[in-house]
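S.K.: My structure is stored as input08.txt, with compact mmCIF, N, CA and C atoms.
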```
# COMPACT_ATOMS: atom_id res chain seq x y z
N MET A 121 21.44 -6.10 0.26
CA MET A 121 21.26 -5.90 1.68
C MET A 121 19.77 -5.85 2.05
N ILE A 122 19.01 -5.09 1.28
CA ILE A 122 17.59 -4.96 1.61
C ILE A 122 16.85 -6.27 1.36
N THR A 123 17.37 -7.12 0.47
CA THR A 123 16.73 -8.40 0.19
C THR A 123 16.69 -9.27 1.44
N HIS A 124 17.70 -9.13 2.26
CA HIS A 124 17.77 -9.92 3.50
C HIS A 124 16.63 -9.56 4.46
N PHE A 125 16.32 -8.27 4.57
CA PHE A 125 15.31 -7.80 5.51
C PHE A 125 13.92 -7.65 4.88
N TYR A 126 13.82 -7.82 3.59
CA TYR A 126 12.55 -7.57 2.90
C TYR A 126 11.40 -8.44 3.39
N PRO A 127 11.57 -9.77 3.57
CA PRO A 127 10.42 -10.57 4.01
C PRO A 127 9.85 -10.11 5.36
N ALA A 128 10.71 -9.79 6.31
CA ALA A 128 10.22 -9.32 7.61
C ALA A 128 9.57 -7.95 7.48
N ALA A 129 10.20 -7.08 6.72
CA ALA A 129 9.64 -5.74 6.51
C ALA A 129 8.29 -5.82 5.80
N LEU A 130 8.16 -6.73 4.86
CA LEU A 130 6.90 -6.91 4.14
C LEU A 130 5.78 -7.29 5.10
N ARG A 131 6.04 -8.25 5.98
CA ARG A 131 5.01 -8.67 6.93
C ARG A 131 4.62 -7.55 7.88
N ILE A 132 5.61 -6.88 8.44
CA ILE A 132 5.33 -5.85 9.44
C ILE A 132 4.65 -4.64 8.81
N ILE A 133 5.22 -4.12 7.73
CA ILE A 133 4.70 -2.89 7.14
C ILE A 133 3.35 -3.12 6.47
N ALA A 134 3.16 -4.28 5.85
CA ALA A 134 1.85 -4.56 5.24
C ALA A 134 0.76 -4.63 6.31
N CYS A 135 1.09 -5.18 7.45
CA CYS A 135 0.10 -5.20 8.55
C CYS A 135 -0.17 -3.80 9.08
N VAL A 136 0.85 -2.95 9.14
CA VAL A 136 0.64 -1.56 9.57
C VAL A 136 -0.27 -0.84 8.58
N ILE A 137 -0.03 -1.06 7.29
CA ILE A 137 -0.87 -0.44 6.26
C ILE A 137 -2.31 -0.89 6.42
N ALA A 138 -2.51 -2.19 6.60
CA ALA A 138 -3.86 -2.73 6.71
C ALA A 138 -4.58 -2.18 7.95
N VAL A 139 -3.88 -2.12 9.07
CA VAL A 139 -4.51 -1.64 10.30
C VAL A 139 -4.83 -0.15 10.19
N CYS A 140 -3.89 0.64 9.70
CA CYS A 140 -4.13 2.09 9.56
C CYS A 140 -5.25 2.36 8.57
N SER A 141 -5.30 1.60 7.49
CA SER A 141 -6.38 1.78 6.51
C SER A 141 -7.73 1.39 7.09
N ALA A 142 -7.75 0.32 7.87
CA ALA A 142 -9.00 -0.10 8.50
C ALA A 142 -9.50 0.94 9.50
N VAL A 143 -8.57 1.49 10.28
CA VAL A 143 -8.95 2.55 11.23
C VAL A 143 -9.49 3.76 10.48
N SER A 144 -8.80 4.13 9.41
CA SER A 144 -9.22 5.29 8.62
C SER A 144 -10.60 5.07 8.00
N ALA A 145 -10.82 3.89 7.44
CA ALA A 145 -12.13 3.60 6.82
C ALA A 145 -13.23 3.55 7.87
N THR A 146 -12.92 3.03 9.04
CA THR A 146 -13.92 2.97 10.12
C THR A 146 -14.29 4.37 10.59
N LEU A 147 -13.27 5.21 10.76
CA LEU A 147 -13.55 6.59 11.18
C LEU A 147 -14.39 7.33 10.16
N LEU A 148 -14.07 7.14 8.88
CA LEU A 148 -14.86 7.79 7.83
C LEU A 148 -16.26 7.21 7.75
N GLY A 149 -16.38 5.89 7.90
CA GLY A 149 -17.69 5.25 7.80
C GLY A 149 -18.64 5.64 8.91
N THR A 150 -18.10 5.95 10.09
CA THR A 150 -18.96 6.32 11.21
C THR A 150 -19.23 7.81 11.27
N ALA A 151 -18.52 8.59 10.48
CA ALA A 151 -18.73 10.05 10.46
C ALA A 151 -19.95 10.39 9.60
N PRO A 152 -20.54 11.54 9.83
CA PRO A 152 -21.65 11.96 8.97
C PRO A 152 -21.14 12.26 7.56
N PRO A 153 -22.02 12.17 6.57
CA PRO A 153 -21.59 12.44 5.19
C PRO A 153 -21.04 13.86 5.05
N PRO A 154 -20.11 14.05 4.12
CA PRO A 154 -19.54 15.39 3.94
C PRO A 154 -20.60 16.38 3.47
N GLU A 155 -20.43 17.62 3.88
CA GLU A 155 -21.37 18.66 3.50
C GLU A 155 -20.72 19.60 2.49
N GLY A 156 -21.54 20.34 1.79
CA GLY A 156 -21.03 21.33 0.85
C GLY A 156 -20.81 20.80 -0.56
N LEU A 157 -21.28 19.60 -0.86
CA LEU A 157 -21.12 19.06 -2.20
C LEU A 157 -22.38 19.37 -3.00
N GLU A 158 -22.21 20.03 -4.14
CA GLU A 158 -23.35 20.41 -4.96
C GLU A 158 -23.69 19.35 -6.00
N PHE A 159 -22.67 18.75 -6.61
CA PHE A 159 -22.91 17.86 -7.75
C PHE A 159 -22.76 16.39 -7.41
N LEU A 160 -22.24 16.08 -6.24
CA LEU A 160 -22.04 14.69 -5.85
C LEU A 160 -22.94 14.34 -4.67
N ASP A 161 -23.36 13.11 -4.63
CA ASP A 161 -24.14 12.62 -3.49
C ASP A 161 -23.19 12.40 -2.32
N PRO A 162 -23.34 13.13 -1.22
CA PRO A 162 -22.40 12.99 -0.10
C PRO A 162 -22.35 11.58 0.49
N SER A 163 -23.49 10.95 0.61
CA SER A 163 -23.53 9.60 1.16
C SER A 163 -22.85 8.61 0.22
N GLY A 164 -23.09 8.75 -1.06
CA GLY A 164 -22.46 7.88 -2.05
C GLY A 164 -20.96 8.07 -2.11
N LEU A 165 -20.51 9.31 -1.98
CA LEU A 165 -19.08 9.60 -1.99
C LEU A 165 -18.41 8.96 -0.78
N ARG A 166 -19.02 9.08 0.38
CA ARG A 166 -18.46 8.49 1.59
C ARG A 166 -18.41 6.98 1.48
N THR A 167 -19.48 6.37 0.99
CA THR A 167 -19.52 4.92 0.85
C THR A 167 -18.47 4.43 -0.14
N THR A 168 -18.33 5.13 -1.25
CA THR A 168 -17.32 4.77 -2.24
C THR A 168 -15.92 4.88 -1.66
N ALA A 169 -15.64 5.93 -0.91
CA ALA A 169 -14.33 6.11 -0.31
C ALA A 169 -14.03 5.01 0.71
N VAL A 170 -15.02 4.62 1.49
CA VAL A 170 -14.82 3.56 2.48
C VAL A 170 -14.55 2.22 1.78
N VAL A 171 -15.32 1.91 0.74
CA VAL A 171 -15.13 0.65 0.03
C VAL A 171 -13.77 0.61 -0.66
N LEU A 172 -13.38 1.70 -1.31
CA LEU A 172 -12.07 1.73 -1.97
C LEU A 172 -10.93 1.63 -0.96
N THR A 173 -11.08 2.27 0.17
CA THR A 173 -10.04 2.19 1.19
C THR A 173 -9.92 0.78 1.74
N MET A 174 -11.04 0.14 1.95
CA MET A 174 -10.99 -1.24 2.44
C MET A 174 -10.38 -2.18 1.38
N ALA A 175 -10.74 -1.97 0.13
CA ALA A 175 -10.22 -2.84 -0.92
C ALA A 175 -8.73 -2.59 -1.18
N LEU A 176 -8.35 -1.32 -1.34
CA LEU A 176 -6.97 -0.99 -1.68
C LEU A 176 -6.05 -0.93 -0.47
N GLY A 177 -6.58 -0.58 0.68
CA GLY A 177 -5.73 -0.41 1.85
C GLY A 177 -5.68 -1.59 2.79
N VAL A 178 -6.69 -2.43 2.76
CA VAL A 178 -6.71 -3.57 3.69
C VAL A 178 -6.57 -4.89 2.93
N VAL A 179 -7.44 -5.13 1.97
CA VAL A 179 -7.45 -6.42 1.28
C VAL A 179 -6.20 -6.61 0.41
N ALA A 180 -5.81 -5.61 -0.36
CA ALA A 180 -4.66 -5.76 -1.25
C ALA A 180 -3.35 -6.03 -0.50
N PRO A 181 -3.00 -5.27 0.54
CA PRO A 181 -1.76 -5.58 1.26
C PRO A 181 -1.78 -6.96 1.94
N ILE A 182 -2.92 -7.35 2.50
CA ILE A 182 -3.00 -8.66 3.14
C ILE A 182 -2.87 -9.76 2.08
N THR A 183 -3.42 -9.55 0.90
CA THR A 183 -3.29 -10.52 -0.18
C THR A 183 -1.83 -10.69 -0.60
N MET A 184 -1.08 -9.62 -0.56
CA MET A 184 0.34 -9.69 -0.94
C MET A 184 1.16 -10.48 0.08
N LEU A 185 0.63 -10.67 1.27
CA LEU A 185 1.32 -11.49 2.27
C LEU A 185 1.19 -12.98 1.98
N ILE A 186 0.20 -13.35 1.20
CA ILE A 186 -0.02 -14.76 0.88
C ILE A 186 1.06 -15.27 -0.07
N VAL A 187 1.46 -14.43 -1.02
CA VAL A 187 2.47 -14.80 -2.01
C VAL A 187 3.83 -14.86 -1.31
N GLU A 188 4.70 -15.75 -1.77
CA GLU A 188 6.05 -15.85 -1.21
C GLU A 188 6.73 -14.48 -1.26
N PRO A 189 7.47 -14.09 -0.21
CA PRO A 189 7.99 -12.72 -0.10
C PRO A 189 8.86 -12.25 -1.27
N LEU A 190 9.67 -13.11 -1.83
CA LEU A 190 10.59 -12.67 -2.88
C LEU A 190 10.10 -13.02 -4.28
N LYS A 191 8.84 -13.30 -4.44
CA LYS A 191 8.25 -13.56 -5.75
C LYS A 191 7.31 -12.41 -6.12
N CYS A 192 7.13 -12.18 -7.40
CA CYS A 192 6.20 -11.17 -7.93
C CYS A 192 6.49 -9.79 -7.33
N LEU A 193 7.74 -9.39 -7.30
CA LEU A 193 8.11 -8.13 -6.65
C LEU A 193 7.56 -6.91 -7.37
N LEU A 194 7.52 -6.93 -8.69
CA LEU A 194 6.97 -5.78 -9.41
C LEU A 194 5.46 -5.68 -9.21
N LEU A 195 4.79 -6.81 -9.12
CA LEU A 195 3.35 -6.80 -8.82
C LEU A 195 3.12 -6.22 -7.43
N LYS A 196 3.94 -6.62 -6.47
CA LYS A 196 3.82 -6.09 -5.12
C LYS A 196 4.08 -4.60 -5.09
N ALA A 197 5.07 -4.15 -5.85
CA ALA A 197 5.35 -2.72 -5.91
C ALA A 197 4.15 -1.96 -6.47
N GLY A 198 3.53 -2.50 -7.50
CA GLY A 198 2.34 -1.86 -8.08
C GLY A 198 1.17 -1.85 -7.12
N ILE A 199 0.95 -2.97 -6.44
CA ILE A 199 -0.16 -3.05 -5.48
C ILE A 199 0.04 -2.06 -4.34
N PHE A 200 1.25 -1.96 -3.82
CA PHE A 200 1.49 -1.03 -2.72
C PHE A 200 1.44 0.42 -3.18
N ALA A 201 1.81 0.68 -4.42
CA ALA A 201 1.68 2.04 -4.96
C ALA A 201 0.20 2.42 -5.07
N VAL A 202 -0.61 1.51 -5.57
CA VAL A 202 -2.05 1.76 -5.67
C VAL A 202 -2.66 1.91 -4.28
N SER A 203 -2.19 1.12 -3.34
CA SER A 203 -2.67 1.23 -1.96
C SER A 203 -2.33 2.61 -1.38
N GLY A 204 -1.14 3.10 -1.68
CA GLY A 204 -0.76 4.43 -1.21
C GLY A 204 -1.62 5.52 -1.81
N PHE A 205 -1.89 5.41 -3.11
CA PHE A 205 -2.75 6.41 -3.76
C PHE A 205 -4.19 6.31 -3.26
N GLY A 206 -4.66 5.09 -3.00
CA GLY A 206 -6.01 4.93 -2.46
C GLY A 206 -6.14 5.55 -1.07
N ASN A 207 -5.11 5.38 -0.27
CA ASN A 207 -5.14 6.00 1.05
C ASN A 207 -4.96 7.51 0.96
N ALA A 208 -4.18 7.97 0.01
CA ALA A 208 -4.00 9.41 -0.16
C ALA A 208 -5.31 10.09 -0.55
N MET A 209 -6.17 9.35 -1.24
CA MET A 209 -7.49 9.88 -1.59
C MET A 209 -8.27 10.27 -0.34
N MET A 210 -8.03 9.55 0.74
CA MET A 210 -8.74 9.81 1.99
C MET A 210 -8.30 11.11 2.66
N LEU A 211 -7.21 11.70 2.20
CA LEU A 211 -6.74 12.96 2.78
C LEU A 211 -7.38 14.18 2.14
N SER A 212 -8.34 13.96 1.26
CA SER A 212 -9.05 15.06 0.62
C SER A 212 -9.78 15.90 1.67
N PRO A 213 -9.75 17.22 1.53
CA PRO A 213 -10.45 18.05 2.51
C PRO A 213 -11.97 17.80 2.54
N LEU A 214 -12.51 17.24 1.49
CA LEU A 214 -13.94 16.94 1.47
C LEU A 214 -14.29 15.70 2.28
N LEU A 215 -13.32 14.81 2.47
CA LEU A 215 -13.60 13.53 3.11
C LEU A 215 -13.04 13.41 4.53
N VAL A 216 -11.95 14.09 4.80
CA VAL A 216 -11.22 13.85 6.04
C VAL A 216 -12.05 14.21 7.26
N VAL A 217 -11.94 13.37 8.30
CA VAL A 217 -12.62 13.59 9.57
C VAL A 217 -11.56 13.64 10.66
N PRO A 218 -11.88 14.17 11.82
CA PRO A 218 -10.89 14.25 12.90
C PRO A 218 -10.29 12.88 13.25
N LEU A 219 -9.03 12.87 13.59
CA LEU A 219 -8.25 11.69 13.98
C LEU A 219 -7.94 10.75 12.82
N GLN A 220 -8.52 10.97 11.67
CA GLN A 220 -8.29 10.09 10.54
C GLN A 220 -6.99 10.45 9.82
N GLU A 221 -6.60 11.69 9.86
CA GLU A 221 -5.44 12.15 9.11
C GLU A 221 -4.17 11.42 9.49
N ALA A 222 -3.95 11.17 10.77
CA ALA A 222 -2.72 10.52 11.21
C ALA A 222 -2.63 9.08 10.72
N SER A 223 -3.72 8.33 10.85
CA SER A 223 -3.67 6.93 10.41
C SER A 223 -3.56 6.84 8.89
N THR A 224 -4.23 7.73 8.20
CA THR A 224 -4.15 7.73 6.73
C THR A 224 -2.76 8.11 6.25
N ALA A 225 -2.18 9.14 6.86
CA ALA A 225 -0.83 9.55 6.47
C ALA A 225 0.18 8.46 6.76
N THR A 226 0.02 7.75 7.87
CA THR A 226 0.92 6.64 8.18
C THR A 226 0.80 5.53 7.14
N ALA A 227 -0.41 5.22 6.72
CA ALA A 227 -0.62 4.19 5.70
C ALA A 227 -0.01 4.61 4.36
N VAL A 228 -0.13 5.89 4.02
CA VAL A 228 0.43 6.38 2.75
C VAL A 228 1.95 6.27 2.77
N VAL A 229 2.57 6.72 3.85
CA VAL A 229 4.04 6.69 3.95
C VAL A 229 4.54 5.24 3.94
N CYS A 230 3.87 4.36 4.67
CA CYS A 230 4.28 2.95 4.68
C CYS A 230 4.10 2.31 3.30
N SER A 231 3.04 2.65 2.59
CA SER A 231 2.82 2.10 1.25
C SER A 231 3.91 2.55 0.29
N ILE A 232 4.26 3.82 0.36
CA ILE A 232 5.33 4.32 -0.51
C ILE A 232 6.66 3.66 -0.16
N GLY A 233 6.92 3.51 1.13
CA GLY A 233 8.16 2.85 1.55
C GLY A 233 8.24 1.41 1.08
N LEU A 234 7.14 0.68 1.17
CA LEU A 234 7.13 -0.71 0.73
C LEU A 234 7.20 -0.81 -0.79
N THR A 235 6.65 0.16 -1.50
CA THR A 235 6.79 0.20 -2.96
C THR A 235 8.26 0.35 -3.34
N ILE A 236 8.94 1.28 -2.70
CA ILE A 236 10.36 1.50 -2.99
C ILE A 236 11.19 0.28 -2.60
N ALA A 237 10.89 -0.32 -1.46
CA ALA A 237 11.63 -1.51 -1.03
C ALA A 237 11.42 -2.68 -2.00
N SER A 238 10.22 -2.82 -2.54
CA SER A 238 9.96 -3.89 -3.51
C SER A 238 10.73 -3.67 -4.79
N ILE A 239 10.81 -2.43 -5.24
CA ILE A 239 11.55 -2.13 -6.47
C ILE A 239 13.05 -2.36 -6.27
N VAL A 240 13.58 -1.93 -5.13
CA VAL A 240 15.00 -2.12 -4.85
C VAL A 240 15.33 -3.61 -4.72
N THR A 241 14.46 -4.37 -4.08
CA THR A 241 14.68 -5.82 -3.96
C THR A 241 14.64 -6.48 -5.32
N TYR A 242 13.75 -6.05 -6.18
CA TYR A 242 13.70 -6.58 -7.54
C TYR A 242 14.98 -6.26 -8.29
N MET A 243 15.45 -5.03 -8.15
CA MET A 243 16.69 -4.63 -8.83
C MET A 243 17.88 -5.45 -8.32
N GLU A 244 17.93 -5.72 -7.03
CA GLU A 244 19.00 -6.55 -6.49
C GLU A 244 18.93 -7.98 -7.01
N SER A 245 17.74 -8.52 -7.14
CA SER A 245 17.61 -9.89 -7.65
C SER A 245 18.03 -9.97 -9.12
N VAL A 246 17.70 -8.96 -9.88
CA VAL A 246 18.13 -8.94 -11.29
C VAL A 246 19.65 -8.81 -11.37
N GLU A 247 20.22 -7.99 -10.53
CA GLU A 247 21.67 -7.81 -10.51
C GLU A 247 22.39 -9.12 -10.13
N ARG A 248 21.87 -9.83 -9.13
CA ARG A 248 22.47 -11.11 -8.73
C ARG A 248 22.33 -12.14 -9.84
N ARG A 249 21.18 -12.18 -10.51
CA ARG A 249 20.97 -13.12 -11.60
C ARG A 249 21.93 -12.85 -12.74
N ASN A 250 22.14 -11.59 -13.07
CA ASN A 250 23.08 -11.25 -14.15
C ASN A 250 24.52 -11.57 -13.75
N ALA A 251 24.87 -11.38 -12.48
CA ALA A 251 26.21 -11.72 -12.01
C ALA A 251 26.45 -13.23 -12.10
N ARG A 252 25.46 -14.02 -11.73
CA ARG A 252 25.59 -15.49 -11.85
C ARG A 252 25.73 -15.90 -13.31
N ARG A 253 24.96 -15.25 -14.18
CA ARG A 253 25.01 -15.57 -15.60
C ARG A 253 26.39 -15.25 -16.18
N ARG A 254 26.97 -14.10 -15.78
CA ARG A 254 28.31 -13.74 -16.25
C ARG A 254 29.37 -14.69 -15.70
N ALA A 255 29.19 -15.16 -14.47
CA ALA A 255 30.16 -16.07 -13.87
C ALA A 255 30.14 -17.43 -14.55
N ASN A 256 29.00 -17.86 -15.02
CA ASN A 256 28.88 -19.15 -15.69
C ASN A 256 29.37 -19.11 -17.14
N THR A 257 29.53 -17.93 -17.70
CA THR A 257 29.93 -17.82 -19.10
C THR A 257 31.40 -17.81 -19.28
```
For this file, produce the structure as C-alpha cells.

M.R.:
Amino acid sequence: MITHFYPAALRIIACVIAVCSAVSATLLGTAPPPEGLEFLDPSGLRTTAVVLTMALGVVAPITMLIVEPLKCLLLKAGIFAVSGFGNAMMLSPLLVVPLQEASTATAVVCSIGLTIASIVTYMESVERRNARRRANT
C-alpha cells in the first residue's frame, strides 16, 4: 500500500526537509556565535553546524530526488536517517536560536518519517519479489 504513495510522498516530504533545513541553517548563520563555550571556538562551531545542516539537510534530500523513486531504497533510508540526525544536532541548547526550533523539529520528524517509509517500501518490494518467485516455482 505504501509503495503506491511513496513516490509522491518522497517528493513532497524531501522538499519539506530541504526547506526547513535551509531556514534553520539561515537562522543559525545570521545569529551571533554561541556564548559560554570554553574549549570550542564559537564561530567555528556555528560555521560547522551551518555547513553540516546544509549538506545533510538540504543537499542530501534533494539528491535523493534525482534517483528513481523506487530504486536504492535502503540508501535513501540511510540518507534520510543521517539527515534527521544532522538536523537533530541543531536542537542543541548551545546552538539553537529563536524561531529555529520549529523548523528544525519539523525537518527531524519528516526525515524520520521518510526513513521509515523507505524501509517499509523496501520490505514490500522484497515481499512481492519473493511471492513472484514462489509463484513461478

S.K.: May I have the residues within 6.5 Å of Val228 in chain A as number ranges by chain, using all atoms listed in the file and disregarding those fewer than 4 positions away in the same chain?

M.R.: A: 203-205, 207-208, 223-224, 232-233

S.K.: Fewer than 2 positions away in the same chain doesn't count, so skip those; otherwise give me all residues within 12 Å of Leu214 in chain A, counting only C-alpha atoms, as a VMD selection string.

M.R.: chain A and resid 148 152 to 158 160 162 165 to 166 169 209 to 212 216 to 217

S.K.: Report, in Å to a single decimal, how far apart CA of Ile199 in chain A and CA of Met174 in chain A are.

M.R.: 13.5 Å

S.K.: Fewer than 4 positions away in the same chain doesn't count, so skip those; otherwise give me all residues within 7 Å of Cys135 in chain A, counting only N, CA and C atoms, as a PyMOL selection string.

M.R.: chain A and resi 130-131+139-140+181-182

S.K.: A:Ala138, A:Ala180, A:Ala145, A:Ile132: which is nearest Phe200 in chain A, counting only C-alpha atoms?

M.R.: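 Comparing A:Ala138, A:Ala180, A:Ala145, A:Ile132 against Phe200 in chain A, the winner is A:Ala180.
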
S.K.: One number please: atom N of Glu247 in chain A to atom C of Ala134 in chain A, in Å, one decimal.

M.R.: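 Atom C of Ala134 in chain A lies at a distance of 26.0 Å from atom N of Glu247 in chain A.
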
S.K.: Which residues, written as a list in words, have at least one atom at most 7 Å from Leu172 in chain A, with only C-alpha atoms counted and residues fewer than 4 positions away on the same chain left out?

M.R.: Thr168, Leu176 and Gly206 of chain A
